[in-house]
file run26.txt (compact mmCIF, C-alpha atoms)
# COMPACT_ATOMS: atom_id res chain seq x y z
CA MET A 210 0.00 0.00 0.00
CA PRO A 211 1.51 3.37 -0.96
CA LEU A 212 2.39 5.75 1.90
CA ASP A 213 0.79 9.14 2.26
CA HIS A 214 3.72 11.44 3.06
CA ARG A 215 1.43 14.38 3.69
CA ARG A 216 0.23 12.86 6.98
CA LEU A 217 2.06 12.04 10.18
CA ARG A 218 2.27 8.33 10.70
CA GLY A 219 0.91 7.24 14.05
CA PRO A 220 1.37 3.97 15.93
CA GLU A 221 -0.29 0.85 14.60
CA GLU A 222 -2.10 0.33 17.90
CA SER A 223 -3.63 2.93 20.18
CA GLN A 224 -5.46 3.05 23.49
CA PRO A 225 -7.97 5.55 24.84
CA PRO A 226 -6.45 8.11 27.24
CA GLU A 227 -9.16 7.34 29.81
CA LEU A 228 -7.31 4.16 30.75
CA TRP A 229 -4.16 6.06 31.71
CA ALA A 230 -6.13 8.82 33.45
CA ALA A 231 -7.89 6.27 35.67
CA ALA A 232 -4.60 4.55 36.52
CA THR A 233 -2.89 7.78 37.65
CA ALA A 234 -5.83 9.47 39.30
CA GLY A 235 -4.46 9.21 42.84
CA VAL A 236 -0.77 9.77 42.10
CA PRO A 237 -0.54 13.56 42.78
CA GLU A 238 -2.11 13.21 46.21
CA LYS A 239 0.27 10.43 47.12
CA GLU A 240 3.26 12.43 45.92
CA GLU A 241 2.20 15.40 48.03
CA GLU A 242 1.90 13.23 51.10
CA ASP A 243 5.32 11.66 50.52
CA ALA A 244 6.92 15.05 49.83
CA ALA A 245 6.08 16.36 53.31
CA PRO A 246 9.24 16.25 55.45
CA GLN A 247 9.08 14.34 58.70
CA ASP A 248 11.29 16.80 60.59
CA PRO A 249 9.89 20.37 60.67
CA CYS A 250 13.41 21.73 61.26
CA ALA A 251 14.92 19.93 58.26
CA LEU A 252 16.00 22.01 55.28
CA ARG A 253 15.28 20.99 51.74
CA PRO A 254 18.31 20.35 49.52
CA LEU A 255 19.47 23.54 47.83
CA PHE A 256 21.39 23.88 44.57
CA ALA A 257 22.87 27.26 43.64
CA ARG A 258 24.96 28.32 40.66
CA ALA A 259 26.16 31.80 39.75
CA GLY A 260 27.29 33.20 36.41
CA LEU A 261 24.98 31.34 34.03
CA LEU A 262 23.74 34.11 31.71
CA SER A 263 26.20 35.75 29.35
CA GLN A 264 23.77 38.57 28.46
CA ALA A 265 23.62 39.84 32.06
CA GLU A 266 26.41 41.32 34.16
CA GLY A 267 25.48 38.95 36.97
CA SER A 268 23.17 35.95 37.20
CA ALA A 269 22.25 33.12 39.54
CA TYR A 270 20.06 30.04 39.58
CA VAL A 271 18.64 28.55 42.78
CA GLU A 272 16.72 25.31 43.01
CA LEU A 273 15.14 23.79 46.10
CA GLY A 274 14.39 20.14 46.56
CA GLY A 275 10.72 19.73 45.78
CA GLY A 276 10.67 21.72 42.57
CA THR A 277 11.20 25.44 43.27
CA LYS A 278 13.39 26.96 40.54
CA VAL A 279 14.34 30.64 40.32
CA LEU A 280 16.57 32.38 37.77
CA CYS A 281 17.84 35.90 38.49
CA ALA A 282 19.81 38.44 36.47
CA ALA A 283 21.44 41.69 37.62
CA TRP A 284 22.62 44.76 35.73
CA GLY A 285 24.34 47.96 36.74
CA PRO A 286 25.38 50.37 37.86
CA ARG A 287 23.82 52.48 35.15
CA GLU A 288 22.92 56.12 34.86
CA ALA A 289 19.54 57.03 36.30
CA ALA A 290 16.84 57.11 33.63
CA GLU A 291 15.25 60.30 34.97
CA PRO A 292 17.12 63.41 36.14
CA GLY A 293 17.05 63.46 39.92
CA ALA A 294 15.48 60.01 40.21
CA ALA A 295 18.63 58.57 41.75
CA ALA A 296 18.55 61.13 44.53
CA VAL A 297 15.37 59.68 45.97
CA ALA A 298 17.17 56.96 47.88
CA VAL A 299 19.54 57.75 50.70
CA GLY A 300 23.07 58.10 49.38
CA GLY A 301 21.98 58.65 45.79
CA GLY A 302 21.81 55.04 44.60
CA ARG A 303 18.65 53.24 43.57
CA LEU A 304 17.80 49.55 43.42
CA LEU A 305 15.13 48.40 40.97
CA CYS A 306 13.65 44.94 41.43
CA GLU A 307 11.36 42.95 39.15
CA PHE A 308 9.65 39.65 39.78
CA TYR A 309 7.97 37.57 37.11
CA ARG A 310 6.19 34.26 37.29
CA ALA A 311 6.35 31.95 34.29
CA PRO A 312 2.94 30.82 33.00
CA PHE A 313 3.96 27.20 33.58
CA ALA A 314 5.44 27.83 37.04
CA GLY A 315 2.65 26.23 39.08
CA ARG A 316 0.43 23.23 38.71
CA GLY A 317 -3.28 23.09 39.28
CA ALA A 318 -5.57 26.12 39.42
CA ARG A 319 -3.57 29.35 39.19
CA ARG A 320 -4.18 32.97 38.37
CA ARG A 321 -4.58 33.62 34.67
CA PRO A 322 -1.25 34.87 33.24
CA GLY A 323 -1.39 38.59 32.59
CA SER A 324 -4.46 39.15 34.76
CA ALA A 325 -4.75 41.96 37.28
CA ALA A 326 -4.36 39.56 40.20
CA GLU A 327 -1.22 38.07 38.67
CA ARG A 328 0.33 41.50 38.08
CA GLU A 329 -0.51 42.60 41.62
CA ALA A 330 1.10 39.47 43.07
CA GLU A 331 4.24 40.10 41.01
CA ARG A 332 4.39 43.73 42.18
CA GLU A 333 4.11 42.65 45.81
CA ALA A 334 6.87 40.08 45.35
CA ALA A 335 9.09 42.68 43.67
CA ALA A 336 8.53 45.11 46.56
CA ALA A 337 9.38 42.37 49.07
CA LEU A 338 12.50 41.55 47.08
CA ARG A 339 13.64 45.16 47.14
CA GLU A 340 12.94 45.46 50.87
CA ALA A 341 15.13 42.43 51.57
CA LEU A 342 18.02 43.43 49.28
CA GLU A 343 18.39 47.17 49.88
CA PRO A 344 20.02 46.91 53.35
CA ALA A 345 22.76 44.68 51.89
CA VAL A 346 23.72 46.85 48.89
CA ARG A 347 26.10 49.77 49.37
CA LEU A 348 23.98 52.25 47.47
CA ALA A 349 26.10 55.16 48.71
CA ARG A 350 28.91 53.95 46.45
CA TYR A 351 26.73 54.42 43.36
CA PRO A 352 25.51 58.05 43.37
CA ARG A 353 23.06 59.04 40.64
CA ALA A 354 22.99 55.45 39.41
CA ARG A 355 20.58 52.57 39.40
CA LEU A 356 20.98 48.83 39.85
CA ALA A 357 18.47 46.42 38.35
CA VAL A 358 17.55 42.89 39.44
CA SER A 359 15.07 40.65 37.63
CA ALA A 360 13.81 37.38 39.09
CA LEU A 361 11.95 34.75 37.08
CA LEU A 362 10.10 31.98 38.89
CA LEU A 363 10.37 28.96 36.62
CA GLN A 364 8.65 26.48 38.93
CA ASP A 365 6.82 27.06 42.18
CA GLY A 366 7.30 24.20 44.60
CA GLY A 367 6.99 26.30 47.74
CA SER A 368 9.20 28.90 49.47
CA ALA A 369 9.47 30.81 46.19
CA LEU A 370 10.08 34.27 47.69
CA ALA A 371 12.88 33.01 49.94
CA ALA A 372 14.56 31.32 46.98
CA ALA A 373 14.20 34.50 44.91
CA ILE A 374 15.84 36.58 47.66
CA SER A 375 18.85 34.25 47.81
CA ALA A 376 19.15 34.08 44.02
CA ALA A 377 18.88 37.87 43.60
CA ALA A 378 21.58 38.51 46.20
CA LEU A 379 23.81 35.96 44.50
CA ALA A 380 23.24 37.64 41.12
CA LEU A 381 24.14 41.07 42.51
CA ALA A 382 27.35 39.71 44.02
CA ASP A 383 28.17 37.95 40.74
CA ALA A 384 27.76 41.29 38.93
CA GLY A 385 30.43 42.84 41.14
CA VAL A 386 28.06 45.09 43.07
CA GLU A 387 29.50 46.18 46.40
CA MET A 388 27.52 44.59 49.21
CA TYR A 389 27.86 44.31 52.95
CA ASP A 390 26.98 40.62 52.80
CA LEU A 391 24.94 38.07 50.89
CA VAL A 392 21.25 38.01 51.74
CA VAL A 393 19.86 34.58 52.56
CA GLY A 394 16.13 33.94 52.56
CA CYS A 395 14.32 31.24 54.50
CA ALA A 396 10.58 30.54 54.57
CA LEU A 397 8.42 28.99 57.27
CA CYS A 398 4.78 28.05 57.68
CA ARG A 399 2.50 26.87 60.46
CA PHE A 400 -0.37 24.43 60.18
CA PRO A 401 -3.72 24.89 61.94
CA GLY A 402 -3.96 23.56 65.45
CA PRO A 403 -2.97 24.73 68.94
CA ALA A 404 0.08 22.43 69.12
CA ALA A 405 1.21 22.79 65.50
CA ALA A 406 4.89 23.54 64.99
CA TRP A 407 6.55 25.79 62.43
CA MET A 408 8.05 24.09 59.39
CA LEU A 409 11.18 25.27 57.56
CA GLN A 410 11.12 25.66 53.77
CA PRO A 411 7.59 24.37 53.21
CA GLY A 412 6.56 22.93 49.90
CA GLU A 413 3.56 23.97 47.87
CA PRO A 414 1.18 21.46 49.54
CA GLU A 415 2.25 22.67 52.99
CA GLU A 416 1.80 26.32 52.03
CA ARG A 417 -1.75 25.66 50.85
CA ARG A 418 -2.68 24.15 54.24
CA ALA A 419 -0.82 26.74 56.33
CA VAL A 420 -2.60 29.37 58.41
CA ALA A 421 0.53 31.45 59.01
CA ARG A 422 3.58 32.14 56.83
CA LEU A 423 6.89 33.86 57.43
CA THR A 424 9.88 34.73 55.24
CA VAL A 425 13.11 35.85 56.92
CA ALA A 426 15.99 37.59 55.10
CA LEU A 427 19.32 37.66 56.92
CA LEU A 428 22.85 38.97 56.44
CA PRO A 429 24.62 36.04 58.14
CA ALA A 430 28.15 37.49 58.36
CA LEU A 431 26.80 40.60 60.10
CA ASN A 432 24.01 38.73 61.88
CA GLN A 433 21.53 41.42 60.84
CA VAL A 434 17.96 40.88 59.68
CA SER A 435 17.18 42.75 56.48
CA ALA A 436 13.49 41.85 56.21
CA VAL A 437 10.74 39.92 57.97
CA LEU A 438 7.75 39.30 55.73
CA GLY A 439 4.69 37.27 56.61
CA GLY A 440 1.28 37.08 58.15
CA GLY A 441 -1.37 34.72 59.35
CA GLN A 442 -3.75 33.97 62.16
CA GLY A 443 -4.03 31.86 65.27
CA SER A 444 -0.44 32.37 66.47
CA PRO A 445 0.47 34.12 69.75
CA PRO A 446 3.50 36.46 69.85
CA ASP A 447 5.68 33.77 71.43
CA ASP A 448 5.09 31.50 68.43
CA TRP A 449 6.18 34.24 66.04
CA ALA A 450 9.35 34.77 68.08
CA GLN A 451 10.05 31.04 67.90
CA ALA A 452 9.49 31.10 64.14
CA LEU A 453 11.92 34.00 63.78
CA ARG A 454 14.62 32.13 65.69
CA LEU A 455 14.03 29.03 63.59
CA GLY A 456 14.23 31.07 60.38
CA LEU A 457 17.49 32.73 61.44
CA ASP A 458 19.00 29.33 62.14
CA GLY A 459 17.91 28.13 58.70
CA CYS A 460 19.54 31.16 57.04
CA HIS A 461 22.82 30.46 58.81
CA ARG A 462 22.70 26.84 57.60
CA LEU A 463 22.06 27.88 53.98
CA TYR A 464 24.74 30.58 53.88
CA PRO A 465 27.73 28.25 53.19
CA VAL A 466 26.02 26.80 50.10
CA LEU A 467 25.51 30.24 48.53
CA ARG A 468 28.99 31.38 49.47
CA GLN A 469 30.63 28.34 47.88
CA SER A 470 28.55 28.85 44.75
CA LEU A 471 29.83 32.43 44.42
CA LEU A 472 33.43 31.30 44.96
CA ARG A 473 33.11 28.64 42.27
CA ALA A 474 31.73 31.19 39.80
CA THR A 475 34.66 33.52 40.54
CA ARG A 476 37.15 30.72 39.95
CA ARG A 477 35.51 29.83 36.64
CA ARG A 478 35.60 33.45 35.51
CA ASN A 479 39.27 33.82 36.48
CA ALA A 480 40.19 30.58 34.73
CA ALA A 481 38.43 31.71 31.55
CA ALA A 482 40.20 35.08 31.67
CA ASP A 483 43.59 33.38 32.13
CA ALA A 484 42.90 31.03 29.23
CA THR A 485 41.95 33.97 26.99
CA ALA A 486 45.07 35.88 27.95
CA THR A 487 47.26 32.84 27.29
CA THR A 488 45.71 32.30 23.88
CA ALA A 489 46.13 35.95 22.93

call {"tool": "encode", "arguments": {"input": "run26.txt", "output": "structure tokens"}}
result
Amino acid sequence: MPLDHRRLRGPEESQPPELWAAATAGVPEKEEEDAAPQDPCALRPLFARAGLLSQAEGSAYVELGGGTKVLCAAWGPREAAEPGAAAVAVGGGRLLCEFYRAPFAGRGARRRPGSAAEREAEREAAAALREALEPAVRLARYPRARLAVSALLLQDGGSALAAAISAAALALADAGVEMYDLVVGCALCRFPGPAAAWMLQPGEPEERRAVARLTVALLPALNQVSAVLGGGQGSPPDDWAQALRLGLDGCHRLYPVLRQSLLRATRRRNAAADATATTA
């Protein structure tokens, strides 16, 4: 029988998709149950790499175990776009932060990409990012200039804002921006119940069930808190103080991973420069 090359050839046998849908109906729920850590004080594995993007002056990628993936790029210092705009901030420098969420970042029901709710959520995340990063950047060394940071959430598996804070600080340091210290972000959440404990670096299923959330940004070398962002209900002040102490401990434990990532990126850049000089 002659072949019709104008059509795509499919398999000789096929099965209705309903069979596969029925077989995997309960898999997501089981995965969510298995993904919940047994120890509330345990940190999820973190992977960080700096200096990925050649188009940006500084870049960083941070991935948390469980699926959270954030890519950040940094530019600057550059001349202020508007005359006198750089003088708004103390010391003359200005830090601009952007936060974007990829349309495929989350699974399940999400805000429609480009909707008003989605844009408002991105603006709030960008403002939180700027609040956490500004105390660490030496803006006084960049008068009448602006620094720009852009964060893209590729996949939301929980603790997205904390991962974006760490990635943005890593990108600024990779760009050569003068900073007092790296900013490390750590997220926590609390489940409903009078005896419920706070959990470090919650995943997306845990964040959906949480009644209180907290994100801590810390400068570990200086032991200074740059931002405390969160809210919730049903938690007395003592519980919030306990959550803050737990978040600070988590930031100190994550700091060596980010620092080693920055050192490795610097060694790669120096090795590439030496190789170029030798070849020339």

call {"tool": "closest_atom_pairs", "arguments": {"input": "run26.txt", "of": "region 394-462 of chain A", "to": "region 255-262 of chain A", "cutoff": "12 Å", "atoms": "only C-alpha atoms", "output": "Markdown table"}}
result
| residue | atom | partner | partner_atom | distance |
| --- | --- | --- | --- | --- |
| A:Gly394 | CA | A:Leu255 | CA | 11.9 |
| A:Cys395 | CA | A:Leu255 | CA | 11.4 |
| A:Gln410 | CA | A:Leu255 | CA | 10.5 |
| A:Gly459 | CA | A:Leu255 | CA | 11.9 |
| A:Cys460 | CA | A:Leu255 | CA | 12.0 |
| A:Arg462 | CA | A:Leu255 | CA | 10.8 |

call {"tool": "closest_residue", "arguments": {"input": "run26.txt", "among": "A:Leu273, A:Ala265, A:Ala405, A:Cys306", "to": "Arg332 (chain A)", "atoms": "all atoms listed in the file"}}
result
A:Cys306

call {"tool": "residues_around", "arguments": {"input": "run26.txt", "residues": "region 429-437 of chain A", "least_positions_apart": "4", "cutoff": "8 Å", "atoms": "all atoms listed in the file", "output": "PDB file with C-alpha atoms, in the coordinates of the input"}}
result
ATOM      1  CA  GLU A 340      12.940  45.460  50.870  1.00  0.00           C
ATOM      2  CA  ALA A 341      15.130  42.430  51.570  1.00  0.00           C
ATOM      3  CA  LEU A 342      18.020  43.430  49.280  1.00  0.00           C
ATOM      4  CA  PRO A 344      20.020  46.910  53.350  1.00  0.00           C
ATOM      5  CA  ALA A 345      22.760  44.680  51.890  1.00  0.00           C
ATOM      6  CA  ASP A 390      26.980  40.620  52.800  1.00  0.00           C
ATOM      7  CA  LEU A 391      24.940  38.070  50.890  1.00  0.00           C
ATOM      8  CA  VAL A 392      21.250  38.010  51.740  1.00  0.00           C
ATOM      9  CA  VAL A 393      19.860  34.580  52.560  1.00  0.00           C
ATOM     10  CA  LEU A 423       6.890  33.860  57.430  1.00  0.00           C
ATOM     11  CA  THR A 424       9.880  34.730  55.240  1.00  0.00           C
ATOM     12  CA  VAL A 425      13.110  35.850  56.920  1.00  0.00           C
ATOM     13  CA  CYS A 460      19.540  31.160  57.040  1.00  0.00           C
ATOM     14  CA  HIS A 461      22.820  30.460  58.810  1.00  0.00           C
ATOM     15  CA  TYR A 464      24.740  30.580  53.880  1.00  0.00           C
TER      16      TYR A 464
END

call {"tool": "atom_distance", "arguments": {"input": "run26.txt", "atom1": "CA of Leu467 (chain A)", "atom2": "CA of Gly385 (chain A)"}}
result
15.4 Å

call {"tool": "atom_distance", "arguments": {"input": "run26.txt", "atom1": "CA of Gly302 (chain A)", "atom2": "CA of Pro286 (chain A)"}}
result
8.9 Å

call {"tool": "residues_near_point", "arguments": {"input": "run26.txt", "point": "(13.5, 27.3, 38.5)", "cutoff": "9 Å", "atoms": "all atoms listed in the file", "output": "PyMOL selection string"}}
result
chain A and resi 270-273+276-280+314+361-365

call {"tool": "residues_around", "arguments": {"input": "run26.txt", "residues": "region 448-450 of chain A", "least_positions_apart": "6", "cutoff": "12 Å", "atoms": "only C-alpha atoms", "output": "list in words"}}
result
Leu397, Cys398, Arg399, Pro403, Ala404, Ala405, Ala406, Trp407, Ala421, Arg422, Leu423, Thr424, Val425, Val437, Leu438, Gly439, Gly440, Gly441, Gln442, Gly456 and Leu457 of chain A

call {"tool": "residues_near_point", "arguments": {"input": "run26.txt", "point": "(23.2, 57.9, 35.9)", "cutoff": "6 Å", "atoms": "only C-alpha atoms", "output": "list in words"}}
result
Arg287, Glu288, Ala289, Arg353 and Ala354 of chain A
